[in-house]
Amino acid sequence: MLIIFGASGDLTARKLVPALFNLYKGKHLPENFVVLGASRSDMSDEVFRKKVVQESKFLKEKISKEESSYIEEFADKLYYQDLGKEYDTDYSMLANRIAHLNEEKGCEGNYIFYLSTPPSLYEVIAKNLCEAGLTKEDNGWKRIIVEKPFGYSLETAKELNEGLHKYFNEQQVYRIDHYLGKETVQNLLVTRFSNSIFEPTWNRRYIHHVEITNAETVGVEKRGGYYDKSGALRDMFQSHLLQILSLIVMEPPINASAEEIRDEKVKALKSLRIMTDEKVLATHTMKGQYVASTINGEKVKGYREEEGVDPESKTETFAAIKFFVDNWRWKDVPFYVRTAKYMPTKVTEVVIHFKSPAHEVFKSHDAYQKDNKLIIRIQPDEGILIKFGVKVPGLGFNVEQANLDFYYSDLDSAQVMDAYERLLLDAMQGDATLYARADEVEAAWRFVDPILKYWENEDVPTYGYAAGTWGPRNSDEMFEGHFGWRNPGKRLTDETGFCIL
Ligand SMILES: NC(=O)C1=CN([C@@H]2O[C@H](COP(=O)(O)OP(=O)(O)OC[C@H]3O[C@@H](n4cnc5c(N)ncnc54)[C@H](OP(=O)(O)O)[C@@H]3O)[C@@H](O)[C@H]2O)C=CC1
Ligand SMILES: O=C1O[C@H](COP(=O)(O)O)[C@@H](O)[C@H](O)[C@H]1O
């Protein structure tokens, strides 16, 4: 049984219910599977079913008759229990409802508690579940999934871990990071560790620098209140981007088990050089905020005009960090990571920039373009692109870049599972590989904390950038040499299928 706390909220309707529906449609759920929503709102099972089905994407798209009957069947598996006025209440009513549903449906006592509430409630809910006897594993396994943000700083993340560990052991805690559920993020591990052509060059001898970009084409939308207290560094960098980074940086695990993979990720995160020197922080970090502009003829509000945002806010909607990894493999290789709202294109990608050949025999027209790049495109157009030099046809030996590209969409059987689908299924199967462990989250905060502290300083500039552009104009300045951020265009495909990026 999956018990969702905060079931009246946005995430349940927009992400969790559609993911469960797809798992149901794909026959991944057991026959007697039950979802029990729980929150303070007063709703009957029927009202809850209608609400989530309406708010989820099922009814917004054209649906076939067959699909419509699936939806009805699926909706019958959804139930709702209101908790009364507060989450800090006696959960015996909830326990009775669970027992009743178990009996009625012939379920075993395997429960996942999904906490989709504000994080301030996580410990309270865990405590009440324990007091109601719902965490005992005598009649089946019990797992708890917690949403991000996991903490607000290293200190609060530690407190949260300690709080949860009073009622659940670490093997029962699943900290969700939906980027780990993305197919191409998982493919990072496979690309690195199942191909012998990449590993020999995956180090300081051949790699010049690594760049990670996460760009969104939207602003903070309806989440201004939350975002203004968080900012891009907490919202995206500490979690999703450092998770991606750990997969790039980590050493090969001895096997593919959750613990071995996560041990290596923790080691990778612990090897990030923590920035404490103000001079380093000033040149290696940059924060920006979008200002009003016009995109495709439409006026777009600046961040400070967004609902829920302080009109004098200095919260960053653009964050760019340069840093180093202190270990044998990566010594002196700069890593550049940026994330931002309201950029020209939605794209998340990792770019491995290889060094120039030791001795240049052939000339290239464009110095910046000439070096090999491996681009791991996480979204959209998931795939792997290799840029390599070829001879310009004709006289002489001039070099230009060509693409060797693989796109998931080109696979006949390409069925990319949504991140929440994959992660929910993994939690049901007890596979925590794609969930963040307590020490991973703490190691990520340990790196981010000094940057956040430095950014609280009034003297640190927040650079404005027009919504719809690639961020503050001076953001290339943190790069060494003639490099700068790679600002990819859309995938342009001509009739022959040739791609120009
Ligand atoms: N929405 C999204 O896209 C994403 C959300 N998340 C995380 O998922 C979790 C849920 O997000 P989302 O569904 O958007 O959040 P909502 O604000 O929609 O809240 C979820 C539910 O929690 C209960 N709740 C809200 N505020 C309070 C409060 N102050 N005290 C007690 N209960 C409250 C409400 O239920 P009721 O009043 O009925 O009890 C509400 O329906 C959060 O931790 C969020 O950070 C993470 C990534 C993306
Ligand atoms: O966790 C979050 O992620 C989304 C971006 O997710 P994506 O899967 O669409 O790339 C981001 O918009 C949001 O601010 C953040 O909280």
# chains A, B, ... in the order shown; residues from 1 in each chain; ligands from 1

call {"tool": "closest_atom_pairs", "arguments": {"of": "chain A", "to": "ligand 2", "cutoff": "9 Å", "atoms": "only C-alpha atoms and all ligand atoms", "output": "JSON lines"}}
result
{"residue": "A:Lys148", "atom": "CA", "partner": "ligand 2", "partner_atom_place_in_ligand_line": "1 (O)", "distance": 7.3}
{"residue": "A:Pro149", "atom": "CA", "partner": "ligand 2", "partner_atom_place_in_ligand_line": "16 (O)", "distance": 8.0}
{"residue": "A:Asp177", "atom": "CA", "partner": "ligand 2", "partner_atom_place_in_ligand_line": "1 (O)", "distance": 7.7}
{"residue": "A:His178", "atom": "CA", "partner": "ligand 2", "partner_atom_place_in_ligand_line": "8 (O)", "distance": 7.0}
{"residue": "A:Tyr179", "atom": "CA", "partner": "ligand 2", "partner_atom_place_in_ligand_line": "8 (O)", "distance": 6.5}
{"residue": "A:Lys182", "atom": "CA", "partner": "ligand 2", "partner_atom_place_in_ligand_line": "8 (O)", "distance": 8.2}
{"residue": "A:Asn214", "atom": "CA", "partner": "ligand 2", "partner_atom_place_in_ligand_line": "10 (O)", "distance": 7.6}
{"residue": "A:Ala215", "atom": "CA", "partner": "ligand 2", "partner_atom_place_in_ligand_line": "10 (O)", "distance": 8.2}
{"residue": "A:Glu216", "atom": "CA", "partner": "ligand 2", "partner_atom_place_in_ligand_line": "12 (O)", "distance": 7.0}
{"residue": "A:Val218", "atom": "CA", "partner": "ligand 2", "partner_atom_place_in_ligand_line": "12 (O)", "distance": 7.8}
{"residue": "A:Gly219", "atom": "CA", "partner": "ligand 2", "partner_atom_place_in_ligand_line": "12 (O)", "distance": 8.2}
{"residue": "A:Val220", "atom": "CA", "partner": "ligand 2", "partner_atom_place_in_ligand_line": "14 (O)", "distance": 6.8}
{"residue": "A:Glu221", "atom": "CA", "partner": "ligand 2", "partner_atom_place_in_ligand_line": "12 (O)", "distance": 8.9}
{"residue": "A:Arg223", "atom": "CA", "partner": "ligand 2", "partner_atom_place_in_ligand_line": "14 (O)", "distance": 8.0}
{"residue": "A:Tyr227", "atom": "CA", "partner": "ligand 2", "partner_atom_place_in_ligand_line": "14 (O)", "distance": 7.4}
{"residue": "A:Gly231", "atom": "CA", "partner": "ligand 2", "partner_atom_place_in_ligand_line": "14 (O)", "distance": 8.8}
{"residue": "A:Ala232", "atom": "CA", "partner": "ligand 2", "partner_atom_place_in_ligand_line": "14 (O)", "distance": 7.6}
{"residue": "A:Arg234", "atom": "CA", "partner": "ligand 2", "partner_atom_place_in_ligand_line": "16 (O)", "distance": 8.9}
{"residue": "A:Asp235", "atom": "CA", "partner": "ligand 2", "partner_atom_place_in_ligand_line": "16 (O)", "distance": 5.2}
{"residue": "A:Met236", "atom": "CA", "partner": "ligand 2", "partner_atom_place_in_ligand_line": "15 (C)", "distance": 5.9}
{"residue": "A:Ser239", "atom": "CA", "partner": "ligand 2", "partner_atom_place_in_ligand_line": "1 (O)", "distance": 8.2}
{"residue": "A:His240", "atom": "CA", "partner": "ligand 2", "partner_atom_place_in_ligand_line": "1 (O)", "distance": 7.3}
{"residue": "A:Lys341", "atom": "CA", "partner": "ligand 2", "partner_atom_place_in_ligand_line": "12 (O)", "distance": 7.8}
{"residue": "A:Lys346", "atom": "CA", "partner": "ligand 2", "partner_atom_place_in_ligand_line": "10 (O)", "distance": 8.2}
{"residue": "A:Val347", "atom": "CA", "partner": "ligand 2", "partner_atom_place_in_ligand_line": "10 (O)", "distance": 8.1}
{"residue": "A:Thr348", "atom": "CA", "partner": "ligand 2", "partner_atom_place_in_ligand_line": "10 (O)", "distance": 7.4}
{"residue": "A:Gln379", "atom": "CA", "partner": "ligand 2", "partner_atom_place_in_ligand_line": "10 (O)", "distance": 7.6}
{"residue": "A:Ala419", "atom": "CA", "partner": "ligand 2", "partner_atom_place_in_ligand_line": "8 (O)", "distance": 8.2}

call {"tool": "residues_near_ligand", "arguments": {"ligand": "ligand 1", "cutoff": "8 Å", "atoms": "only C-alpha atoms and all ligand atoms", "output": "NGL selection string"}}
result
:A and (5-15 or 38-42 or 82-83 or 85-87 or 115-119 or 121 or 146-149 or 178 or 226)

call {"tool": "select_by_dssp", "arguments": {"residues": "region 144-209 of chain A", "states": "strand (DSSP E or B)", "output": "PyMOL selection string"}}
result
chain A and resi 144-146+173-175+207-209

call {"tool": "write_last_selection", "arguments": {"atoms": "C-alpha atoms", "output": "short mmCIF file (atom, residue, chain, number, x, y, z; two decimals), in the first residue's frame"}}
result
data_model
loop_
_atom_site.label_atom_id
_atom_site.label_comp_id
_atom_site.auth_asym_id
_atom_site.auth_seq_id
_atom_site.Cartn_x
_atom_site.Cartn_y
_atom_site.Cartn_z
CA ILE A 144 9.36 6.14 3.81
CA ILE A 145 9.95 8.39 0.79
CA VAL A 146 10.76 12.03 1.50
CA VAL A 173 14.50 5.95 4.10
CA TYR A 174 14.23 6.88 0.41
CA ARG A 175 15.22 10.51 -0.29
CA ILE A 207 39.93 16.28 -19.93
CA HIS A 208 40.39 20.02 -20.04
CA HIS A 209 37.25 20.99 -18.16
#

call {"tool": "closest_residue", "arguments": {"among": "A:Glu46, A:Asp88, A:Glu316, A:Glu278", "to": "Pro472 (chain A)", "atoms": "only C-alpha atoms"}}
result
A:Glu316

call {"tool": "closest_residue", "arguments": {"among": "A:Phe318, A:Phe113, A:Trp455, A:Tyr420", "to": "Gly471 (chain A)", "atoms": "only C-alpha atoms"}}
result
A:Phe318

call {"tool": "residues_around", "arguments": {"residues": "region 416-418 of chain A", "least_positions_apart": "3", "cutoff": "7 Å", "atoms": "only C-alpha atoms", "output": "list in words"}}
result
Lys182, Glu183, Glu421 and Arg422 of chain A

call {"tool": "closest_residue", "arguments": {"among": "A:Ser194, A:Ala282, A:Pro488, A:Ala320", "to": "Asn255 (chain A)", "atoms": "only C-alpha atoms"}}
result
A:Ser194

call {"tool": "residues_around", "arguments": {"residues": "region 246-251 of chain A", "least_positions_apart": "6", "cutoff": "6 Å", "atoms": "only C-alpha atoms", "output": "list in words"}}
result
Glu264, Lys265 and Ala268 of chain A

call {"tool": "residues_around", "arguments": {"residues": "Leu385 (chain A)", "least_positions_apart": "5", "cutoff": "12 Å", "atoms": "only C-alpha atoms", "output": "list in words"}}
result
Thr191, Glu349, Val350, Val351, Ile352, Asn372, Lys373, Leu374, Ile375, Ile376, Arg377, Ile378, Gln401, Ala402, Asn403, Leu404, Asp405, Phe406, Tyr407, Tyr408, Arg491, Cys499, Ile500 and Leu501 of chain A

call {"tool": "residues_around", "arguments": {"residues": "region 476-486 of chain A", "least_positions_apart": "6", "cutoff": "10 Å", "atoms": "only C-alpha atoms", "output": "PyMOL selection string"}}
result
chain A and resi 209+211-213+282-286+320-322+334-338+349+351+367-369+470

call {"tool": "select_by_dssp", "arguments": {"residues": "region 156-204 of chain A", "states": "alpha helix (DSSP H)", "output": "ChimeraX atom specification"}}
result
/A:156-165,183-193

call {"tool": "write_last_selection", "arguments": {"atoms": "N, CA and C atoms", "output": "PDB file, in the first residue's frame"}}
result
ATOM      1  N   THR A 156      20.543  21.761   9.170  1.00  0.00           N
ATOM      2  CA  THR A 156      19.143  21.320   9.158  1.00  0.00           C
ATOM      3  C   THR A 156      19.004  19.953   8.493  1.00  0.00           C
ATOM      4  N   ALA A 157      19.878  19.656   7.521  1.00  0.00           N
ATOM      5  CA  ALA A 157      19.825  18.330   6.885  1.00  0.00           C
ATOM      6  C   ALA A 157      20.221  17.258   7.908  1.00  0.00           C
ATOM      7  N   LYS A 158      21.229  17.583   8.741  1.00  0.00           N
ATOM      8  CA  LYS A 158      21.649  16.628   9.775  1.00  0.00           C
ATOM      9  C   LYS A 158      20.515  16.409  10.769  1.00  0.00           C
ATOM     10  N   GLU A 159      19.871  17.510  11.151  1.00  0.00           N
ATOM     11  CA  GLU A 159      18.755  17.391  12.112  1.00  0.00           C
ATOM     12  C   GLU A 159      17.647  16.515  11.534  1.00  0.00           C
ATOM     13  N   LEU A 160      17.386  16.723  10.241  1.00  0.00           N
ATOM     14  CA  LEU A 160      16.326  15.952   9.586  1.00  0.00           C
ATOM     15  C   LEU A 160      16.705  14.466   9.547  1.00  0.00           C
ATOM     16  N   ASN A 161      17.959  14.189   9.194  1.00  0.00           N
ATOM     17  CA  ASN A 161      18.403  12.785   9.188  1.00  0.00           C
ATOM     18  C   ASN A 161      18.258  12.167  10.570  1.00  0.00           C
ATOM     19  N   GLU A 162      18.715  12.918  11.584  1.00  0.00           N
ATOM     20  CA  GLU A 162      18.618  12.384  12.952  1.00  0.00           C
ATOM     21  C   GLU A 162      17.154  12.165  13.333  1.00  0.00           C
ATOM     22  N   GLY A 163      16.303  13.119  12.953  1.00  0.00           N
ATOM     23  CA  GLY A 163      14.882  13.016  13.269  1.00  0.00           C
ATOM     24  C   GLY A 163      14.254  11.776  12.638  1.00  0.00           C
ATOM     25  N   LEU A 164      14.546  11.535  11.376  1.00  0.00           N
ATOM     26  CA  LEU A 164      13.956  10.373  10.689  1.00  0.00           C
ATOM     27  C   LEU A 164      14.523   9.070  11.248  1.00  0.00           C
ATOM     28  N   HIS A 165      15.826   9.113  11.579  1.00  0.00           N
ATOM     29  CA  HIS A 165      16.470   7.885  12.073  1.00  0.00           C
ATOM     30  C   HIS A 165      15.966   7.460  13.456  1.00  0.00           C
ATOM     31  N   GLU A 183      16.231   8.895 -17.394  1.00  0.00           N
ATOM     32  CA  GLU A 183      16.938   7.835 -18.123  1.00  0.00           C
ATOM     33  C   GLU A 183      18.393   8.211 -18.415  1.00  0.00           C
ATOM     34  N   THR A 184      18.623   9.434 -18.864  1.00  0.00           N
ATOM     35  CA  THR A 184      19.987   9.785 -19.282  1.00  0.00           C
ATOM     36  C   THR A 184      20.917   9.981 -18.095  1.00  0.00           C
ATOM     37  N   VAL A 185      20.352  10.312 -16.949  1.00  0.00           N
ATOM     38  CA  VAL A 185      21.204  10.420 -15.763  1.00  0.00           C
ATOM     39  C   VAL A 185      21.690   9.016 -15.401  1.00  0.00           C
ATOM     40  N   GLN A 186      20.767   8.053 -15.468  1.00  0.00           N
ATOM     41  CA  GLN A 186      21.175   6.663 -15.207  1.00  0.00           C
ATOM     42  C   GLN A 186      22.170   6.188 -16.259  1.00  0.00           C
ATOM     43  N   ASN A 187      21.955   6.661 -17.484  1.00  0.00           N
ATOM     44  CA  ASN A 187      22.835   6.231 -18.572  1.00  0.00           C
ATOM     45  C   ASN A 187      24.273   6.721 -18.397  1.00  0.00           C
ATOM     46  N   LEU A 188      24.430   7.739 -17.581  1.00  0.00           N
ATOM     47  CA  LEU A 188      25.783   8.219 -17.282  1.00  0.00           C
ATOM     48  C   LEU A 188      26.635   7.093 -16.710  1.00  0.00           C
ATOM     49  N   LEU A 189      26.023   6.322 -15.810  1.00  0.00           N
ATOM     50  CA  LEU A 189      26.746   5.204 -15.196  1.00  0.00           C
ATOM     51  C   LEU A 189      27.089   4.146 -16.251  1.00  0.00           C
ATOM     52  N   VAL A 190      26.101   3.855 -17.093  1.00  0.00           N
ATOM     53  CA  VAL A 190      26.321   2.813 -18.099  1.00  0.00           C
ATOM     54  C   VAL A 190      27.365   3.263 -19.125  1.00  0.00           C
ATOM     55  N   THR A 191      27.236   4.507 -19.581  1.00  0.00           N
ATOM     56  CA  THR A 191      28.208   5.006 -20.566  1.00  0.00           C
ATOM     57  C   THR A 191      29.621   4.922 -19.995  1.00  0.00           C
ATOM     58  N   ARG A 192      29.757   5.355 -18.758  1.00  0.00           N
ATOM     59  CA  ARG A 192      31.109   5.365 -18.183  1.00  0.00           C
ATOM     60  C   ARG A 192      31.638   3.968 -17.912  1.00  0.00           C
ATOM     61  N   PHE A 193      30.806   3.108 -17.356  1.00  0.00           N
ATOM     62  CA  PHE A 193      31.355   1.860 -16.831  1.00  0.00           C
ATOM     63  C   PHE A 193      31.070   0.617 -17.663  1.00  0.00           C
TER      64      PHE A 193
END

call {"tool": "residues_around", "arguments": {"residues": "region 71-79 of chain A", "least_positions_apart": "3", "cutoff": "10 Å", "atoms": "only C-alpha atoms", "output": "VMD selection string"}}
result
chain A and resid 2 to 3 17 20 to 22 24 to 25 31 to 38 43 to 50 52 to 53 58 to 59 63 65 to 68 97 101 105

call {"tool": "write_last_selection", "arguments": {"atoms": "C-alpha atoms", "output": "PDB file, in the first residue's frame"}}
result
ATOM      1  CA  LEU A   2       1.224   3.505  -0.817  1.00  0.00           C
ATOM      2  CA  ILE A   3       0.173   6.109   1.724  1.00  0.00           C
ATOM      3  CA  VAL A  17      -0.866  10.052  -9.602  1.00  0.00           C
ATOM      4  CA  LEU A  20       1.110   5.532 -10.654  1.00  0.00           C
ATOM      5  CA  PHE A  21      -1.396   5.455 -13.477  1.00  0.00           C
ATOM      6  CA  ASN A  22       1.319   4.675 -16.008  1.00  0.00           C
ATOM      7  CA  TYR A  24      -0.785   0.514 -13.499  1.00  0.00           C
ATOM      8  CA  LYS A  25      -1.277   0.683 -17.266  1.00  0.00           C
ATOM      9  CA  GLU A  31      -3.587  -6.587  -8.469  1.00  0.00           C
ATOM     10  CA  ASN A  32      -4.417  -5.598  -4.871  1.00  0.00           C
ATOM     11  CA  PHE A  33      -2.370  -2.395  -4.900  1.00  0.00           C
ATOM     12  CA  VAL A  34      -3.963   0.490  -2.981  1.00  0.00           C
ATOM     13  CA  VAL A  35      -3.120   4.202  -2.771  1.00  0.00           C
ATOM     14  CA  LEU A  36      -4.324   5.937   0.353  1.00  0.00           C
ATOM     15  CA  GLY A  37      -4.106   9.729   0.251  1.00  0.00           C
ATOM     16  CA  ALA A  38      -3.900  11.511   3.603  1.00  0.00           C
ATOM     17  CA  MET A  43     -12.653  14.839   1.252  1.00  0.00           C
ATOM     18  CA  SER A  44     -14.419  11.587   0.499  1.00  0.00           C
ATOM     19  CA  ASP A  45     -12.713   8.869  -1.549  1.00  0.00           C
ATOM     20  CA  GLU A  46     -14.886   9.901  -4.482  1.00  0.00           C
ATOM     21  CA  VAL A  47     -13.964  13.595  -4.260  1.00  0.00           C
ATOM     22  CA  PHE A  48     -10.273  12.713  -3.959  1.00  0.00           C
ATOM     23  CA  ARG A  49     -10.474  10.468  -7.026  1.00  0.00           C
ATOM     24  CA  LYS A  50     -12.179  13.165  -9.090  1.00  0.00           C
ATOM     25  CA  VAL A  52      -6.558  14.012  -8.716  1.00  0.00           C
ATOM     26  CA  VAL A  53      -7.799  12.663 -12.003  1.00  0.00           C
ATOM     27  CA  PHE A  58      -5.143  12.380 -17.969  1.00  0.00           C
ATOM     28  CA  LEU A  59      -8.060  14.549 -18.937  1.00  0.00           C
ATOM     29  CA  ILE A  63      -7.904   9.902 -24.509  1.00  0.00           C
ATOM     30  CA  LYS A  65     -12.093   4.716 -24.907  1.00  0.00           C
ATOM     31  CA  GLU A  66      -9.703   2.040 -23.740  1.00  0.00           C
ATOM     32  CA  GLU A  67      -7.661   4.564 -21.805  1.00  0.00           C
ATOM     33  CA  SER A  68     -10.765   6.026 -20.232  1.00  0.00           C
ATOM     34  CA  ARG A  97      -8.287   2.669   7.866  1.00  0.00           C
ATOM     35  CA  LEU A 101      -8.274  -1.674   3.542  1.00  0.00           C
ATOM     36  CA  LYS A 105      -8.277  -5.990  -0.466  1.00  0.00           C
TER      37      LYS A 105
END

call {"tool": "atom_distance", "arguments": {"atom1": "CA of Tyr290 (chain A)", "atom2": "CA of Ile244 (chain A)"}}
result
24.9 Å

call {"tool": "atom_distance", "arguments": {"atom1": "CA of Pro461 (chain A)", "atom2": "CA of Ser153 (chain A)"}}
result
21.6 Å
